[in-house]
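Student: query07.cif is reproduced in full below (mmCIF, C-alpha atoms and all ligand atoms).
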data_coords
loop_
_atom_site.label_atom_id
_atom_site.label_comp_id
_atom_site.auth_asym_id
_atom_site.auth_seq_id
_atom_site.Cartn_x
_atom_site.Cartn_y
_atom_site.Cartn_z
CA MET A 363 0.00 0.00 0.00
CA SER A 364 2.80 2.43 0.85
CA ARG A 365 4.33 1.77 -2.57
CA LEU A 366 1.01 2.64 -4.09
CA ILE A 367 0.73 5.95 -2.32
CA VAL A 368 4.25 6.87 -3.37
CA SER A 369 3.51 5.86 -6.95
CA ARG A 370 0.36 7.90 -6.97
CA ARG A 371 2.12 10.98 -5.67
CA LYS A 372 4.99 10.51 -8.09
CA PHE A 373 2.51 10.05 -10.85
CA LEU A 374 0.61 13.21 -10.11
CA THR A 375 3.87 15.12 -9.88
CA ALA A 376 4.97 13.63 -13.17
CA SER A 377 1.73 14.37 -14.96
CA ALA A 378 1.71 17.90 -13.65
CA ALA A 379 5.20 18.31 -15.09
CA GLY A 380 4.06 16.82 -18.39
CA ALA A 381 5.09 13.67 -20.22
CA SER A 382 8.81 14.42 -19.94
CA GLY A 383 8.53 14.13 -16.17
CA LEU A 384 6.90 10.77 -16.61
CA ILE A 385 9.71 9.50 -18.79
CA LEU A 386 12.28 10.61 -16.23
CA ALA A 387 10.36 8.83 -13.50
CA GLY A 388 10.39 5.60 -15.49
CA CYS A 389 7.39 3.66 -16.71
CA ASP A 390 7.41 0.37 -14.83
CA GLN A 391 6.16 1.91 -11.64
CA PHE A 392 2.96 2.81 -13.47
CA ASP A 393 2.18 -0.77 -14.45
CA PHE A 394 -0.82 -0.68 -12.14
CA LEU A 395 -2.43 1.75 -14.52
CA GLY A 396 -2.90 -1.05 -17.03
CA GLN A 397 -5.13 -2.84 -14.53
CA ARG A 398 -8.64 -1.67 -15.18
CA ASP A 399 -9.94 -2.22 -11.66
CA HIS A 400 -6.96 -0.89 -9.75
CA PRO A 401 -7.87 1.69 -7.06
CA ALA A 402 -5.01 3.99 -8.04
CA ARG A 403 -6.13 4.07 -11.65
CA ASP A 404 -9.67 4.68 -10.50
CA PHE A 405 -8.47 7.65 -8.48
CA LEU A 406 -6.61 9.07 -11.45
CA GLU A 407 -9.63 8.71 -13.69
CA ARG A 408 -11.75 10.63 -11.29
CA ALA A 409 -9.03 13.27 -11.13
CA ASN A 410 -9.34 13.45 -14.92
CA THR A 411 -5.74 14.53 -15.28
CA LEU A 412 -4.51 12.14 -17.89
CA THR A 413 -3.26 13.82 -21.03
CA TYR A 414 -2.91 12.04 -24.32
CA GLN A 415 0.86 11.60 -24.01
CA VAL A 416 0.61 10.13 -20.53
CA GLN A 417 -2.20 7.75 -21.49
CA ARG A 418 -0.32 6.65 -24.60
CA LEU A 419 2.74 5.78 -22.51
CA MET A 420 0.59 3.69 -20.22
CA ALA A 421 -1.13 1.85 -23.02
CA GLY A 422 1.93 -0.35 -23.57
CA GLU A 423 1.50 -3.06 -20.98
CA GLN A 424 -2.11 -3.68 -20.25
CA ALA A 425 -3.87 -6.62 -18.71
CA LEU A 426 -5.80 -8.62 -21.27
CA ALA A 427 -9.36 -9.79 -20.83
CA ARG A 428 -9.66 -13.54 -20.42
CA THR A 429 -10.22 -15.40 -23.65
CA TYR A 430 -11.97 -18.72 -24.18
CA ALA A 431 -11.84 -21.71 -26.52
CA GLU A 432 -14.27 -22.08 -29.41
CA SER A 433 -15.85 -25.04 -27.58
CA GLU A 434 -16.83 -22.74 -24.72
CA ILE A 435 -19.22 -20.77 -26.93
CA ARG A 436 -22.41 -22.38 -25.66
CA GLN A 437 -25.05 -19.88 -26.67
CA PRO A 438 -25.68 -17.22 -29.29
CA GLN A 439 -24.82 -13.63 -28.34
CA ARG A 440 -28.13 -12.54 -26.84
CA PRO A 441 -29.23 -9.29 -28.52
CA ASN A 442 -30.01 -6.57 -25.99
CA GLY A 443 -30.97 -2.89 -25.99
CA SER A 444 -31.52 -1.67 -29.55
CA VAL A 445 -31.82 -4.62 -31.89
CA ASP A 446 -33.17 -3.01 -35.08
CA PRO A 447 -32.57 0.75 -35.30
CA THR A 448 -35.25 2.75 -37.09
CA THR A 449 -33.46 6.06 -37.63
CA PRO A 450 -33.71 7.04 -41.33
CA ASP A 451 -29.94 7.14 -41.81
CA TYR A 452 -29.53 3.65 -40.46
CA VAL A 453 -32.48 2.21 -42.37
CA ALA A 454 -31.11 3.64 -45.62
CA LEU A 455 -27.67 2.15 -44.96
CA ARG A 456 -29.07 -1.24 -44.03
CA ASP A 457 -31.34 -1.32 -47.08
CA GLY A 458 -28.25 -0.66 -49.20
CA GLY A 459 -26.37 -3.57 -47.63
CA PHE A 460 -24.13 -1.06 -45.79
CA ALA A 461 -22.33 -0.26 -49.06
CA ASP A 462 -22.39 3.45 -48.13
CA TYR A 463 -21.30 2.94 -44.52
CA ARG A 464 -18.36 5.01 -43.28
CA LEU A 465 -16.67 4.81 -39.91
CA ARG A 466 -15.48 8.34 -39.14
CA ILE A 467 -12.69 9.51 -36.85
CA THR A 468 -13.21 13.16 -35.93
CA GLY A 469 -12.57 15.76 -33.24
CA LEU A 470 -9.11 16.38 -31.77
CA VAL A 471 -7.15 14.74 -34.61
CA GLU A 472 -4.65 16.06 -37.13
CA ARG A 473 -6.75 14.73 -40.02
CA GLU A 474 -10.32 13.50 -39.96
CA LEU A 475 -10.59 10.10 -41.60
CA SER A 476 -13.36 7.82 -42.76
CA PHE A 477 -13.29 4.15 -43.69
CA SER A 478 -15.69 2.00 -45.69
CA LEU A 479 -16.62 -1.48 -44.49
CA ASP A 480 -14.38 -3.04 -47.15
CA GLU A 481 -11.47 -0.88 -46.05
CA LEU A 482 -11.97 -1.99 -42.44
CA ARG A 483 -12.24 -5.65 -43.47
CA ASN A 484 -9.03 -5.40 -45.50
CA MET A 485 -7.02 -4.11 -42.55
CA PRO A 486 -5.15 -6.53 -40.31
CA GLY A 487 -7.83 -8.45 -38.44
CA GLN A 488 -8.07 -10.34 -35.20
CA SER A 489 -10.58 -12.56 -33.46
CA GLN A 490 -11.11 -13.04 -29.76
CA ILE A 491 -13.48 -15.22 -27.78
CA THR A 492 -14.53 -13.32 -24.69
CA ARG A 493 -17.33 -13.08 -22.16
CA HIS A 494 -19.84 -10.28 -22.38
CA ASP A 495 -21.36 -9.32 -19.03
CA CYS A 496 -24.55 -7.29 -18.96
CA VAL A 497 -25.53 -5.48 -15.78
CA GLU A 498 -28.94 -7.10 -16.11
CA GLY A 499 -27.27 -10.24 -14.83
CA TRP A 500 -26.51 -12.40 -17.85
CA SER A 501 -23.33 -13.32 -19.72
CA CYS A 502 -22.51 -14.70 -23.14
CA ILE A 503 -19.27 -16.10 -24.54
CA ALA A 504 -18.81 -15.08 -28.16
CA LYS A 505 -16.16 -14.75 -30.84
CA TRP A 506 -15.66 -11.22 -32.09
CA SER A 507 -13.70 -10.39 -35.27
CA GLY A 508 -12.53 -6.98 -36.34
CA THR A 509 -9.65 -4.58 -36.64
CA ARG A 510 -7.93 -2.71 -33.83
CA LEU A 511 -8.99 0.86 -33.13
CA GLY A 512 -5.53 2.00 -31.96
CA PRO A 513 -3.75 1.99 -35.34
CA LEU A 514 -6.63 3.96 -36.90
CA LEU A 515 -6.30 6.59 -34.19
CA ASP A 516 -2.60 6.79 -34.98
CA GLN A 517 -3.40 7.26 -38.67
CA ALA A 518 -5.68 10.16 -37.78
CA GLY A 519 -3.03 11.64 -35.48
CA VAL A 520 -4.51 12.21 -32.03
CA LYS A 521 -3.87 15.76 -30.83
CA PRO A 522 -2.15 16.23 -27.46
CA ALA A 523 -5.27 17.76 -25.88
CA ALA A 524 -7.40 14.63 -26.48
CA ARG A 525 -8.29 12.57 -23.43
CA PHE A 526 -11.26 10.44 -24.43
CA CYS A 527 -12.96 8.83 -27.38
CA VAL A 528 -16.69 9.40 -27.70
CA TYR A 529 -18.42 6.64 -29.67
CA HIS A 530 -21.50 7.80 -31.58
CA CYS A 531 -24.16 5.29 -32.64
CA TYR A 532 -27.01 5.30 -35.15
CA ASP A 533 -29.76 4.22 -32.75
CA VAL A 534 -31.80 6.29 -30.33
CA MET A 535 -33.18 5.36 -26.94
CA GLY A 536 -36.36 6.44 -25.21
CA GLY A 537 -39.05 8.20 -27.15
CA GLY A 538 -41.41 9.05 -24.29
CA LEU A 539 -42.12 12.55 -23.06
CA ALA A 540 -38.40 13.21 -22.68
CA GLY A 541 -37.94 12.55 -26.40
CA THR A 542 -35.30 10.35 -27.95
CA GLU A 543 -31.61 10.35 -27.08
CA PRO A 544 -28.90 8.97 -29.33
CA TYR A 545 -26.97 6.05 -27.88
CA TYR A 546 -23.36 6.98 -27.28
CA GLU A 547 -20.51 5.79 -25.14
CA SER A 548 -16.91 6.77 -24.41
CA SER A 549 -13.61 5.48 -23.09
CA ASP A 550 -10.26 6.86 -22.09
CA LEU A 551 -7.40 6.44 -24.56
CA ILE A 552 -5.89 3.58 -22.59
CA ASP A 553 -8.95 1.48 -23.41
CA ALA A 554 -9.10 2.82 -26.96
CA TYR A 555 -5.51 1.63 -27.57
CA HIS A 556 -5.93 -1.62 -25.65
CA PRO A 557 -4.76 -4.55 -27.82
CA GLN A 558 -8.19 -6.23 -27.60
CA THR A 559 -10.21 -3.10 -28.43
CA ILE A 560 -11.58 -3.76 -31.90
CA LEU A 561 -14.07 -2.40 -34.38
CA ALA A 562 -15.95 -5.68 -34.70
CA TYR A 563 -17.63 -6.61 -37.98
CA GLY A 564 -17.88 -10.37 -37.34
CA LEU A 565 -19.57 -12.49 -34.68
CA ASN A 566 -19.13 -16.25 -34.21
CA ASN A 567 -17.59 -16.66 -37.69
CA GLU A 568 -20.46 -14.85 -39.43
CA VAL A 569 -21.02 -11.28 -40.56
CA LEU A 570 -22.12 -9.23 -37.53
CA PRO A 571 -25.95 -9.30 -37.58
CA VAL A 572 -28.13 -6.20 -37.26
CA SER A 573 -29.38 -7.35 -33.84
CA ASN A 574 -25.80 -7.29 -32.49
CA GLY A 575 -24.77 -3.96 -33.99
CA ALA A 576 -24.14 -4.26 -37.76
CA PRO A 577 -22.16 -3.20 -39.57
CA VAL A 578 -19.62 -2.26 -36.86
CA ARG A 579 -19.68 -2.28 -33.06
CA LEU A 580 -16.86 -1.64 -30.67
CA ARG A 581 -15.52 -4.23 -28.24
CA ILE A 582 -13.80 -2.98 -25.08
CA GLU A 583 -13.25 -6.35 -23.56
CA ARG A 584 -12.60 -5.32 -19.96
CA ALA A 585 -15.82 -3.35 -19.72
CA LEU A 586 -19.45 -4.16 -19.06
CA GLY A 587 -22.02 -4.72 -21.80
CA TYR A 588 -23.32 -1.17 -22.02
CA LYS A 589 -19.79 0.01 -22.89
CA GLN A 590 -19.84 -2.07 -26.12
CA PRO A 591 -21.48 0.40 -28.52
CA LYS A 592 -23.36 -1.12 -31.45
CA TYR A 593 -24.24 0.64 -34.76
CA LEU A 594 -21.10 2.76 -34.43
CA HIS A 595 -20.61 5.56 -36.96
CA THR A 596 -18.14 8.04 -35.43
CA VAL A 597 -15.22 7.97 -33.03
CA GLU A 598 -14.74 11.54 -31.80
CA LEU A 599 -11.60 12.55 -29.89
CA VAL A 600 -12.47 15.00 -27.10
CA ASP A 601 -11.05 16.57 -23.96
CA SER A 602 -14.38 16.62 -22.09
CA PHE A 603 -17.87 15.09 -22.18
CA ALA A 604 -19.61 18.44 -21.80
CA GLY A 605 -22.00 18.95 -24.69
CA PHE A 606 -22.75 15.27 -25.25
CA GLY A 607 -26.05 14.02 -23.85
CA GLN A 608 -26.21 14.90 -20.15
CA GLY A 609 -22.42 15.20 -20.01
CA GLN A 610 -21.67 11.91 -18.22
CA GLY A 611 -19.93 10.22 -21.15
CA GLY A 612 -22.62 7.80 -22.30
CA TYR A 613 -26.32 7.13 -22.63
CA TRP A 614 -26.34 4.78 -19.62
CA PRO A 615 -23.92 6.89 -17.56
CA ASP A 616 -26.33 9.79 -18.22
CA HIS A 617 -28.99 7.58 -16.65
CA GLY A 618 -27.02 6.75 -13.52
CA TYR A 619 -24.64 3.95 -14.50
CA ASP A 620 -20.96 4.18 -13.64
CA TRP A 621 -18.98 5.77 -16.49
CA TYR A 622 -16.03 3.42 -16.16
CA GLY A 623 -18.06 0.21 -16.16
CA GLY A 624 -15.06 -2.06 -15.60
CA ILE A 625 -15.31 -5.79 -15.03
N1 LIG B 1 -25.89 1.40 -29.90
C1 LIG B 1 -26.17 0.63 -28.85
N2 LIG B 1 -25.17 -0.05 -28.27
C2 LIG B 1 -25.43 -0.83 -27.20
C3 LIG B 1 -26.74 -0.94 -26.66
C4 LIG B 1 -27.77 -0.22 -27.30
O1 LIG B 1 -28.95 -0.27 -26.90
N3 LIG B 1 -27.45 0.55 -28.39
N4 LIG B 1 -26.96 -1.72 -25.54
C5 LIG B 1 -25.79 -2.07 -24.72
C6 LIG B 1 -26.03 -3.14 -23.77
S1 LIG B 1 -26.79 -2.77 -22.31
C7 LIG B 1 -25.54 -4.40 -23.98
S2 LIG B 1 -25.67 -5.62 -22.79
C8 LIG B 1 -24.92 -4.77 -25.25
C9 LIG B 1 -25.68 -5.88 -25.92
O2 LIG B 1 -24.96 -6.32 -27.04
P1 LIG B 1 -25.57 -7.48 -27.90
O3 LIG B 1 -26.92 -7.03 -28.39
O4 LIG B 1 -24.61 -7.75 -29.01
O5 LIG B 1 -25.70 -8.67 -26.97
O6 LIG B 1 -24.84 -3.69 -26.17
C10 LIG B 1 -24.60 -2.44 -25.60
N5 LIG B 1 -24.40 -1.51 -26.65
MO MO B 2 -26.31 -4.54 -20.93
#
Output the file's structure in the form of structure tokens.

Tutor:
Amino acid sequence: MSRLIVSRRKFLTASAAGASGLILAGCDQFDFLGQRDHPARDFLERANTLTYQVQRLMAGEQALARTYAESEIRQPQRPNGSVDPTTPDYVALRDGGFADYRLRITGLVERELSFSLDELRNMPGQSQITRHDCVEGWSCIAKWSGTRLGPLLDQAGVKPAARFCVYHCYDVMGGGLAGTEPYYESSDLIDAYHPQTILAYGLNNEVLPVSNGAPVRLRIERALGYKQPKYLHTVELVDSFAGFGQGQGGYWPDHGYDWYGGI
């Protein structure tokens, strides 16, 4: 515990001094920051002090989510939340077989980029069999296939001021008196660059179905189900959540769920 307190203090000193201070201090003492559920990392997230450079340095050695064997997939991935978006933009895309789909990277980047589904599918791909845990109390083991988000962020050139990715989706929630609210989510850059964070276009060796988020949904494997945005169209680099929804960083966080949503 004493080591932790020292590390935390050193870290805050280092981040206040900027990334150069962090390099001088050495990186291995910040290994705990790769652990999603570590109290020190939790503290730092609440402090909201992590700049892009500092987060990028930490993204190197991160704990991986547990993966499973193909034989452990015992059930289909149970569709939950939106399962068939009805927004006009989405309906038009779906009716066109997603030929006109573009995944956009916008916000605090050197160059805004967009990728077609074919471009994403032609990038280096990876598959991972992981467990999806929904806060409603059920889990599914499924195989997700896609391409890593991190290299695409590097292509776009994340600006130093960026701290988070906001993930914008095609579907809307609600529709009662309060009106509809677009589904969105967000993560820090450590999770965005995590080696298992993928733009998934395949599920259990098939094309990702509409009910599970076609054509592209994000997988952040160390996070709860609501942090796995389906029907993704834009990844926006930001320094704050103000101005999105109720400002809590996601549709469900706006409605009282924990922003971090770690497993
Ligand atoms: N765009 C969007 N993403 C979403 C949701 C949603 O309603 N809309 N629901 C979330 C919740 S609560 C869960 S548990 C998972 C469900 O993913 P699945 O339908 O592939 O099982 O998606 C998450 N991502
Ligand atoms: Mo969920």

Student: Find, counting only C-alpha atoms, the residue in A:Thr468, A:Asn567, A:Thr559, A:Gln490 that gets nearest to A:His595.

Tutor: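 The shortest atom-to-atom distance to A:His595 comes from A:Thr468.
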
Student: One number please: atom N4 of ligand LIG 1 (chain B) to atom CA of A:Gly587, in Å, one decimal.

Tutor: 6.9 Å

Student: Between atom CA of A:Ala554 and atom CA of A:Leu475, what is the spacing in Å?

Tutor: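 Separation of atom CA of A:Leu475 and atom CA of A:Ala554: 16.4 Å.
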
Student: Between atom CA of A:Val445 and atom CA of A:Tyr463, what is the spacing in Å?

Tutor: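 Separating atom CA of A:Tyr463 from atom CA of A:Val445 is a distance of 18.1 Å.
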
Student: If the limit is 8 Å from any atom of ligand LIG 1 (chain B), counting all atoms listed in the file, which residues qualify? Return them as an NGL selection string.

Tutor: :A and (439-445 or 494-498 or 502 or 530-535 or 545-546 or 573-575 or 579 or 586-594)

Student: I'd like the neighbourhood of A:Asp516 as a CSV table (one decimal) with C-alpha atoms, in the frame of the given file, where a residue qualifies if any of its atoms comes within 10 Å (using only C-alpha atoms), though same-chain residues fewer than 3 positions away should be ignored.

Tutor:
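Full text of part-v9.csv as output:
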chain,number,residue,atom,x,y,z
A,471,VAL,CA,-7.2,14.7,-34.6
A,472,GLU,CA,-4.6,16.1,-37.1
A,511,LEU,CA,-9.0,0.9,-33.1
A,512,GLY,CA,-5.5,2.0,-32.0
A,513,PRO,CA,-3.8,2.0,-35.3
A,519,GLY,CA,-3.0,11.6,-35.5
A,520,VAL,CA,-4.5,12.2,-32.0
A,521,LYS,CA,-3.9,15.8,-30.8
A,555,TYR,CA,-5.5,1.6,-27.6

Student: Tell me which of A:Ile503, A:Cys527, A:Leu419, A:Leu465 sits closest to A:Gly612, counting all atoms listed in the file.

Tutor: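 Ranked by minimum distance to A:Gly612, first place goes to A:Cys527.
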
Student: Please provide as a PDB file with C-alpha atoms, keeping the file's coordinate frame all residues within 7 Å of A:Ile582, with the sequence filter that same-chain residues fewer than 2 positions apart are discarded (counting all atoms listed in the file).

Tutor:
ATOM      1  CA  ASP A 553      -8.950   1.480 -23.410  1.00  0.00           C
ATOM      2  CA  GLN A 558      -8.190  -6.230 -27.600  1.00  0.00           C
ATOM      3  CA  THR A 559     -10.210  -3.100 -28.430  1.00  0.00           C
ATOM      4  CA  LEU A 580     -16.860  -1.640 -30.670  1.00  0.00           C
ATOM      5  CA  ARG A 584     -12.600  -5.320 -19.960  1.00  0.00           C
ATOM      6  CA  ALA A 585     -15.820  -3.350 -19.720  1.00  0.00           C
ATOM      7  CA  GLN A 590     -19.840  -2.070 -26.120  1.00  0.00           C
TER       8      GLN A 590
END

Student: Kindly provide, as JSON, the centre and edge lengths (Å, one decimal) of an axis-aligned box around all atoms of stretch 498-509 of chain A given in the file, with 6 Å on each side.

Tutor:
{"center_x": -19.3, "center_y": -10.3, "center_z": -25.7, "size_x": 31.3, "size_y": 23.5, "size_z": 33.8}

Student: Given the choices A:Thr449, A:Gln610, A:Ser476, A:Gln424, which gets closest to A:Leu515 if the distance is worked out from all atoms listed in the file?

Tutor: A:Ser476

Student: With only C-alpha atoms as the basis for distance, which of A:Pro522, A:Pro486, A:Gly624, A:Gly605 is at the shortest distance from A:Leu551?

Tutor: A:Pro522

Student: Do you know which residues are at most 8 Å from A:Glu432 counting all atoms listed in the file, after dropping those on the same chain fewer than 2 positions away, and could you put them as a PDB file with C-alpha atoms, in the frame of the given file?

Tutor:
ATOM      1  CA  TYR A 430     -11.970 -18.720 -24.180  1.00  0.00           C
ATOM      2  CA  GLU A 434     -16.830 -22.740 -24.720  1.00  0.00           C
ATOM      3  CA  ILE A 435     -19.220 -20.770 -26.930  1.00  0.00           C
ATOM      4  CA  ILE A 491     -13.480 -15.220 -27.780  1.00  0.00           C
ATOM      5  CA  LYS A 505     -16.160 -14.750 -30.840  1.00  0.00           C
TER       6      LYS A 505
END

Student: Counting all atoms listed in the file, figure out which residue out of A:Thr413, A:Gly537, A:Trp500, A:Val597 gets nearest to ligand MO 2 (chain B).

Tutor: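 Closest to ligand MO 2 (chain B), using all atoms listed in the file: A:Trp500.
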
Student: Using all atoms listed in the file, can you tell me which of A:Tyr529, A:Val453, A:Gly499, A:Arg493 comes closest to ligand MO 2 (chain B)?

Tutor: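 For ligand MO 2 (chain B), the nearest of the candidates is A:Gly499.
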
Student: Please list, as a list in words, the residues that have an atom at most 8 Å away from (-16.7, -5.6, -38.0) in the coordinates of this file, counting only C-alpha atoms.

Tutor: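 Answer for this query, in the requested form: Leu479, Leu482, Arg483, Ser507, Gly508, Thr509, Leu561, Ala562, Tyr563, Gly564, Val569, Leu570, Ala576, Pro577, Val578 and Arg579 of chain A.
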